[in-house]
Each structure stands twice: as structure tokens, then as C-alpha cells.
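Beneath this line is the structure, given in C-alpha cells, with notes to follow.
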Protein chains: 2
Amino acid sequence: MRALMIFALVLCQTPIFSQMKTLQERLGYPKETKLLIIHADDIGVAQTENAATIYAMEKGVVNSGSIMVPCPWFPEIAAYAVSHPELDLGVHLVLTSEWKHYKWGPVLHQEVKSLTTDKGFLTDGSVDLSKVAKVEDVEKELRAQIKRAIQFGVDPTHLDSHMGMIFRDAEYVKIYIKLGHEFKIPVMITQQIVDAYESSGIKKMLTEKDVVIDDIYTAATYDYAKGMSKYYTNLLNNLQPGVSTILIHTAYDNDEMKAVTIDHPDWGSAWRQADFDFFTSDVCKKLLETNNIQLITWREMRDKLVR
Amino acid sequence: MRALMIFALVLCQTPIFSQMKTLQERLGYPKETKLLIIHADDIGVAQTENAATIYAMEKGVVNSGSIMVPCPWFPEIAAYAVSHPELDLGVHLVLTSEWKHYKWGPVLHQEVKSLTTDKGFLTDGSVDLSKVAKVEDVEKELRAQIKRAIQFGVDPTHLDSHMGMIFRDAEYVKIYIKLGHEFKIPVMITQQIVDAYESSGIKKMLTEKDVVIDDIYTAATYDYAKGMSKYYTNLLNNLQPGVSTILIHTAYDNDEMKAVTIDHPDWGSAWRQADFDFFTSDVCKKLLETNNIQLITWREMRDKLVR
């Protein structure tokens, strides 16, 4: 269901303008610096996702995250963001409602009918959106999600894409970059994604003010099967210089999350608890130290490069 | 916030057509029978409300309930209703979104803007709806909630009103009775409510096929302060012949419900746990027996009198 194929784990260190400095150098760090964003996706999806992510940011090493605006617990995390303006929170742009019994619709509801099922929910990710959705509906809805976050007092530091749906279609990637420019917010994108859509002219949309990070890492089913601790330990021990992000999903394995993720162990309740456990552990803190990994926020990149 | 003044605890045994039989007699019971609906409100509002109410229906004495269609956990309870068609489930018609950080909008969204805040949520119950809402929006939205329950496979056995909002305005009561007739579903109403709006012509809308129950009981803040067990025990020990209902709210006092009801102990998380505890207790079962109280469902009344 969550085809994140585009996020292949191949290291790609070529900066977008090869004559230019690396991203870490543009940000004022030496070329050999390993900069990492430890990023919690899916904030706002459920109460437990909010509670666990807040804890993992306050007590653990999670230093960034992004919010799902159409979801039921969005107002709670928005209120928290307002009272904690130092947090690095972006908008996790949503085009799907993927769980079995816990659903949401687009924030524009009936205005963007091509994005929804007959029950008014976003489709579940198994649908090829590019075959059913009007591109203008995608653009309207994504813009409305950003505006709604701002309406609720969130100061988005970045944009990214729930379930990587935006990266499935060149037109969506164009909308994504366009929205980043419109709101002066960096979008999470890699050179690899840009190259994949080279023929669509995406490279031409990017300027020297854009942020193209080096790598996106996220655990897949086979990583979870082998143990999250093993996967993340290996990742941190082998992280290369540049700017990378690890996408995680932090929640407590409780009744609420079990019900949200029913019949779907991948990205399920226990999976999210395992992410929480690792990124609030002393083991993880120690690995960051021993590997000389420096954490960086999207806010720092936004404010140094985009604005 | 939850002014249920209209649900005064005065016993009113006068049948609507005084020359007619009592409701219990029309249903085929002797006049002296004490018939009771133990009714869980707010199903669908949260995952824990669904889980606790299902338990209280399966293992406790709760024999009826009603579903909040605009709420996030509506699809879960609708799926449960489809797989348990014997359950007595109605539509808890919703005109408010009353909690602090956990909100919902009308099912018709932008189509019924007069019912919503600038953020698209239903108002919180402190607003005098009759001053801001278009009556036609109220009717459209309430009809849409019933239709949506049916679209999801629910067979509603009755209608009732979340936070008693419908009982605050004669026009809303008229819509409510009209919708009951349209869908051939009994609406929860008492003689007292009918009398309160006598000048508005509500009595004329009622026919011999309508169900007017004798009493609606629900715990108020001062009952909760003195202890729910005491309140319910007294109520069951003093129940009079006729058809009455007790409106309760069953949920577990967990992180989800604490966050839903934050800053609002009335009808809060511990309150709902207290309701759950009493109506799943052996003490309660025993009280029903010793007081010769018979449980009756809305389905029985619907199928005997309305259809």
C-alpha cells in the first residue's frame, strides 16, 4: 500500500548544480559534515501519534516532524505548535485516507470530488490517482491544506508528502515545488527524485534558493521484520556526509492505534511503538555522538536558504 | 455547556392522546410494567467510546445506543453495526462540536455554512444556533446524517439529539418529527417536550403511530459529584411504570478520552468510565431484577408501532 519505491536507499551525493557547493557547505558547514533530520511523519493522525511524537521531540532525539491537516487530531497538534513556536513542524501533504475504519476527507470536501470515494473520503493509496483525480483538484487541495495549517497558527517549516503520493506523478511534483515557492517553504526532495522526472522539466523549476537534500531513509517491511533497532543502528553507523533525513512514525501501541491500523501491521501500532522506543533511547543518542552526526532542522534550512 | 434543562426529571404519565392506551399498553404490556431503555449516547465520537459501548452492550445491560455520524470513529461503529444487525442503534443527530481540541464539521461541510465556525467545525453549543443557523441548513444537515448512516449500512432504529440541541427550538423539533416520519423511525421525545412547544403546533404533527415516551433521565453535574452509583441506584429503585430511558455515555478513562474531554470534567473521561462501571456491574443487573424493570429497545417500538 505504501509504495515508497522512489525513496530508494541509494546514496546520491551529486549536488543539483554540480558547479555549486554542497548543501552542507551552502548552510555553512564543512563538506564532511553529516547532517541529519530525524523526522516524525503523520502527526495529527491520532491522539497517540501526537502524544508520542511530542514526547519523542521533548525527551528523545526527534527534531522535526510534519502534520496531517485533514486528520481528526490536527487541531490538538496545531494548538501545541502555537504554544511551542520553536518546534520544527511542516505540512505532511495528504492525498490518501488509507486505514480501514478510520477515515478522513480532503479539507475542501465536495469542492475536490475527483480525489474522493463515494463516501467523501480520500482514496486509500491503492488507487492510481493520476487516472481519476483532476490535477487542478490536487493543486487546490494541497494549497488548502497549507493555508489551513497557517489559519490554525502553524508556521510550516517545510512540506513533504504522506505515503510519497506526490512522487508518483511529475505533475504532482511540479505542484509541490510551485507551492513551496508560493509559501517560501522548502519541500522535501532529493536529487534522485529530480532526476527521475528530468524529462518533465522539474530541474528547470529549481533555483539556487531551493533545498535538495541528499537522502531520504525510511524503514520498509523487511527492515521491520529484522528489527527496527538493527535497521536504525546500521543506518546511523553508515551515514554519509551531506544532509539526510530519516522518516519515522512515533505512536504508542495502545487501543487507539491498534484500532486505527487494524489489519495492517506495516506502519502499524507496534511498528510505531518500535520507532518511538528507538528514537527515545540512550542507544540512539550514543550512536549520534559516536558517529559525529549533527542534527539539523528544516527551519534552519528554510531561514538560511529559502527566505 | 450541555444544558439538558428540557430533560427535567418530572414524571409525566399523561399519554399524548388521553383517551388512548398508555404506551406500554399499545406495545402489548400491562399498564403497570416498568419498561426501560438503557441508552448509550455518543457512539462514534472516539475509539474508546465505541470499544466501551460495544463491551457494555455485549456484557453489560446497555441495550440501545445512538451514533454520531459526523465524528471520526463513525466508520468503525458503522462496520460493527453491519456485522451485528441485531443491535439497537439509532442516529444521534449532531449540531455541535463541543470539545476543545477534537473537532468535526457537518457531513455537508460547506453546503451548510450557517452551522459552522470559520474553521468549518460545528459550533460548540455555547452559540445560540437559532440566531445564526438557517433552518433549512439544519434540516438539510440532519437529513444528510441519517442518509449517511444508511449509506454505511446502519439500519437506524430511532433518532435522538446530541446535547439536546434540537429541543432548544420549536422549528428544530418540527424538523426532527418530520424526519422521523420521512424515514419511518421513532424519535426520542416526551410528552413534556411536546407540551413545551404546544403553541408551535407540534402536537398536531403527531399521530397514533408516533412514540412518545414517558421520561428521559440523564445524570447532571451534581449527580456525578455525589457519585454515579448512588444516582443510578436511586433512579432504578424509584422507576415508575411506563416507558423511560436513561441516557448514559460509556467510554474508558484512557489517554484518548482524557485528550478528547480535556478541561471539561462534565461528561468527561472519568464520568464516562463511571457510567461504564455501573452499567456493566452485577449491582445494576440485580437492581433491574429486584425492581421488576424490563428492558425494551427502540427497534421493538419501531417495528410494533411505527412501521
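Residues are referred to by chain and number: the chain letter is A, B, ... according to the order shown in the C-alpha cells, the number counts from 1 in that chain, and ligands are numbered separately from 1 in the order shown.
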(message) With only C-alpha atoms considered, list every residue of chain B at most 6 Å from chain A, as an MDAnalysis selection string.
(response) chainID B and resid 75:76 101
Output for the residues just chosen: N, CA, C and O atoms as a JSON list (two decimals), in the first residue's frame:
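Heads up, here's the output in result-v1.json:
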[["chain", "number", "residue", "atom", "x", "y", "z"],
["B", 75, "PRO", "N", -17.10, 5.47, 10.98],
["B", 75, "PRO", "CA", -16.99, 4.30, 10.08],
["B", 75, "PRO", "C", -16.74, 2.99, 10.84],
["B", 75, "PRO", "O", -17.22, 1.94, 10.43],
["B", 76, "GLU", "N", -16.02, 3.07, 11.96],
["B", 76, "GLU", "CA", -15.75, 1.84, 12.72],
["B", 76, "GLU", "C", -17.05, 1.27, 13.31],
["B", 76, "GLU", "O", -17.33, 0.08, 13.21],
["B", 101, "HIS", "N", -10.04, 20.42, 21.57],
["B", 101, "HIS", "CA", -9.04, 20.21, 20.51],
["B", 101, "HIS", "C", -9.43, 19.11, 19.53],
["B", 101, "HIS", "O", -8.63, 18.72, 18.68]]
(request) Compile the contact shell of A:Leu87 as a PyMOL selection string: residues with an atom at most 10 Å away, counting only C-alpha atoms, same-chain residues fewer than 5 positions apart removed. (result) chain A and resi 54+57-58+63-65+80-82+154-157+297+299
(message) Taking only stretch 81-274 of chain A into account, list the residues labelled strand (DSSP E or B) by DSSP (computed from the backbone), as a PyMOL selection string.
(response) chain A and resi 89-93+116+122+159-161+187+190+213+215-218+242-248
(request) Write out as a PyMOL selection string each polymer residue whose atoms come within 12 Å of B:Ile146, counting only C-alpha atoms; drop sequence neighbours fewer than 2 positions from it. (result) chain B and resi 66-70+89-94+107-108+139-144+148-160+176+179-180+182-185
Residue neighbourhood stretch 215-223 of chain B, 6 Å, only C-alpha atoms, exclusion window fewer than 6 positions, as a PDB file with N, CA, C and O atoms, in the first residue's frame:
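Written output follows (around03.pdb):
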ATOM      1  N   TYR B 231     -26.654   7.812  42.186  1.00  0.00           N
ATOM      2  CA  TYR B 231     -27.679   8.393  41.317  1.00  0.00           C
ATOM      3  C   TYR B 231     -28.456   7.304  40.564  1.00  0.00           C
ATOM      4  O   TYR B 231     -29.685   7.290  40.567  1.00  0.00           O
ATOM      5  N   SER B 244     -39.415   4.504  29.902  1.00  0.00           N
ATOM      6  CA  SER B 244     -38.417   5.533  30.227  1.00  0.00           C
ATOM      7  C   SER B 244     -37.094   5.191  29.571  1.00  0.00           C
ATOM      8  O   SER B 244     -36.858   4.052  29.158  1.00  0.00           O
ATOM      9  N   THR B 245     -36.243   6.194  29.494  1.00  0.00           N
ATOM     10  CA  THR B 245     -34.882   5.916  29.037  1.00  0.00           C
ATOM     11  C   THR B 245     -33.884   6.601  29.952  1.00  0.00           C
ATOM     12  O   THR B 245     -34.149   7.694  30.483  1.00  0.00           O
ATOM     13  N   ILE B 246     -32.757   5.938  30.156  1.00  0.00           N
ATOM     14  CA  ILE B 246     -31.619   6.561  30.841  1.00  0.00           C
ATOM     15  C   ILE B 246     -30.562   6.800  29.769  1.00  0.00           C
ATOM     16  O   ILE B 246     -30.164   5.858  29.072  1.00  0.00           O
ATOM     17  N   LEU B 247     -30.142   8.043  29.634  1.00  0.00           N
ATOM     18  CA  LEU B 247     -29.090   8.370  28.665  1.00  0.00           C
ATOM     19  C   LEU B 247     -27.745   8.354  29.375  1.00  0.00           C
ATOM     20  O   LEU B 247     -27.532   9.114  30.322  1.00  0.00           O
TER      21      LEU B 247
END
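Nearest residue to B:Met188, choosing from B:Asn238, B:Ser161, B:Ser83, B:Ser200 and counting only C-alpha atoms: B:Ser161.
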(request) Find the distance between atom CA of B:Glu289 and atom CA of B:Leu239 and write it in Å to one decimal. (result)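 Separating atom CA of B:Glu289 from atom CA of B:Leu239 is a distance of 12.4 Å.
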(message) If DSSP is run on the backbone, what residues of stretch 43-242 of chain B are alpha helix (DSSP H)? A reply as a PyMOL selection string would be ideal.
(response) chain B and resi 47-58+74-83+129-132+135-151+170-183+191-196+202-205+221-226+228-237
(message) Calculated over only C-alpha atoms, which of the candidates B:His162, B:Tyr172, B:Glu208, B:Leu115 has the smallest distance to B:Met20?
(response)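 When distances to B:Met20 are compared using only C-alpha atoms, the smallest one comes from B:Glu208.
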(request) With a distance cut-off of 12 Å and only C-alpha atoms, select the neighbouring residues of A:Gly125, excluding the residue or stretch itself and same-chain residues fewer than 3 positions from it, and output the selection as a list in words. (result)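 Residues meeting the cut-off are Met1, Arg2, Ala3, Leu4, Val94, Leu95, Thr96, Ser97, Glu98, Trp99, Lys100, Leu115, Thr116, Thr117, Phe121, Leu122, Asp128, Leu129, Ser130, His162, Met163, Gly164, Met165, Ile166 and Arg168 of chain A.
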(request) Counting only C-alpha atoms, figure out which residue out of A:Ala170, A:Leu27, A:Ala40, A:Ala225 gets nearest to A:Phe276. (result)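 For A:Phe276, the nearest of the candidates is A:Ala40.
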(message) I'd like the neighbourhood of A:Val62 as a ChimeraX atom specification, where a residue qualifies if any of its atoms comes within 8 Å (using only C-alpha atoms), though same-chain residues fewer than 4 positions away should be ignored.
(response) /A:37-40,53,56-57,279-280
Selection above as a file: N, CA, C and O atoms, as a PDB file, in the first residue's frame:
ATOM      1  N   ILE A  37      18.168  15.034   9.693  1.00  0.00           N
ATOM      2  CA  ILE A  37      16.842  15.423  10.218  1.00  0.00           C
ATOM      3  C   ILE A  37      16.162  14.126  10.668  1.00  0.00           C
ATOM      4  O   ILE A  37      15.933  13.241   9.840  1.00  0.00           O
ATOM      5  N   ILE A  38      15.859  14.023  11.948  1.00  0.00           N
ATOM      6  CA  ILE A  38      15.109  12.853  12.437  1.00  0.00           C
ATOM      7  C   ILE A  38      13.644  13.282  12.490  1.00  0.00           C
ATOM      8  O   ILE A  38      13.237  14.068  13.358  1.00  0.00           O
ATOM      9  N   HIS A  39      12.891  12.790  11.545  1.00  0.00           N
ATOM     10  CA  HIS A  39      11.603  13.388  11.173  1.00  0.00           C
ATOM     11  C   HIS A  39      10.419  12.455  11.440  1.00  0.00           C
ATOM     12  O   HIS A  39      10.326  11.359  10.885  1.00  0.00           O
ATOM     13  N   ALA A  40       9.500  12.917  12.286  1.00  0.00           N
ATOM     14  CA  ALA A  40       8.287  12.134  12.573  1.00  0.00           C
ATOM     15  C   ALA A  40       7.179  12.523  11.593  1.00  0.00           C
ATOM     16  O   ALA A  40       6.714  13.667  11.597  1.00  0.00           O
ATOM     17  N   THR A  53       4.776  11.653  19.733  1.00  0.00           N
ATOM     18  CA  THR A  53       5.721  12.484  18.978  1.00  0.00           C
ATOM     19  C   THR A  53       6.184  13.678  19.815  1.00  0.00           C
ATOM     20  O   THR A  53       7.364  14.040  19.804  1.00  0.00           O
ATOM     21  N   ALA A  56       8.711  12.307  22.085  1.00  0.00           N
ATOM     22  CA  ALA A  56       9.962  11.968  21.368  1.00  0.00           C
ATOM     23  C   ALA A  56      10.726  13.214  20.945  1.00  0.00           C
ATOM     24  O   ALA A  56      11.949  13.178  20.767  1.00  0.00           O
ATOM     25  N   MET A  57      10.021  14.334  20.787  1.00  0.00           N
ATOM     26  CA  MET A  57      10.698  15.605  20.483  1.00  0.00           C
ATOM     27  C   MET A  57      11.260  16.230  21.754  1.00  0.00           C
ATOM     28  O   MET A  57      12.337  16.814  21.738  1.00  0.00           O
ATOM     29  N   PHE A 279      14.016   5.921  19.031  1.00  0.00           N
ATOM     30  CA  PHE A 279      14.403   7.341  18.976  1.00  0.00           C
ATOM     31  C   PHE A 279      14.204   8.096  20.293  1.00  0.00           C
ATOM     32  O   PHE A 279      14.424   9.304  20.363  1.00  0.00           O
ATOM     33  N   THR A 280      13.814   7.368  21.334  1.00  0.00           N
ATOM     34  CA  THR A 280      13.848   7.942  22.682  1.00  0.00           C
ATOM     35  C   THR A 280      14.868   7.189  23.556  1.00  0.00           C
ATOM     36  O   THR A 280      14.913   7.414  24.766  1.00  0.00           O
TER      37      THR A 280
END
(message) Ranking A:Ser114, A:Ser281, A:Gln191, A:Gln24 by minimum distance to A:Glu136 and counting only C-alpha atoms, which one comes first?
(response) A:Ser114
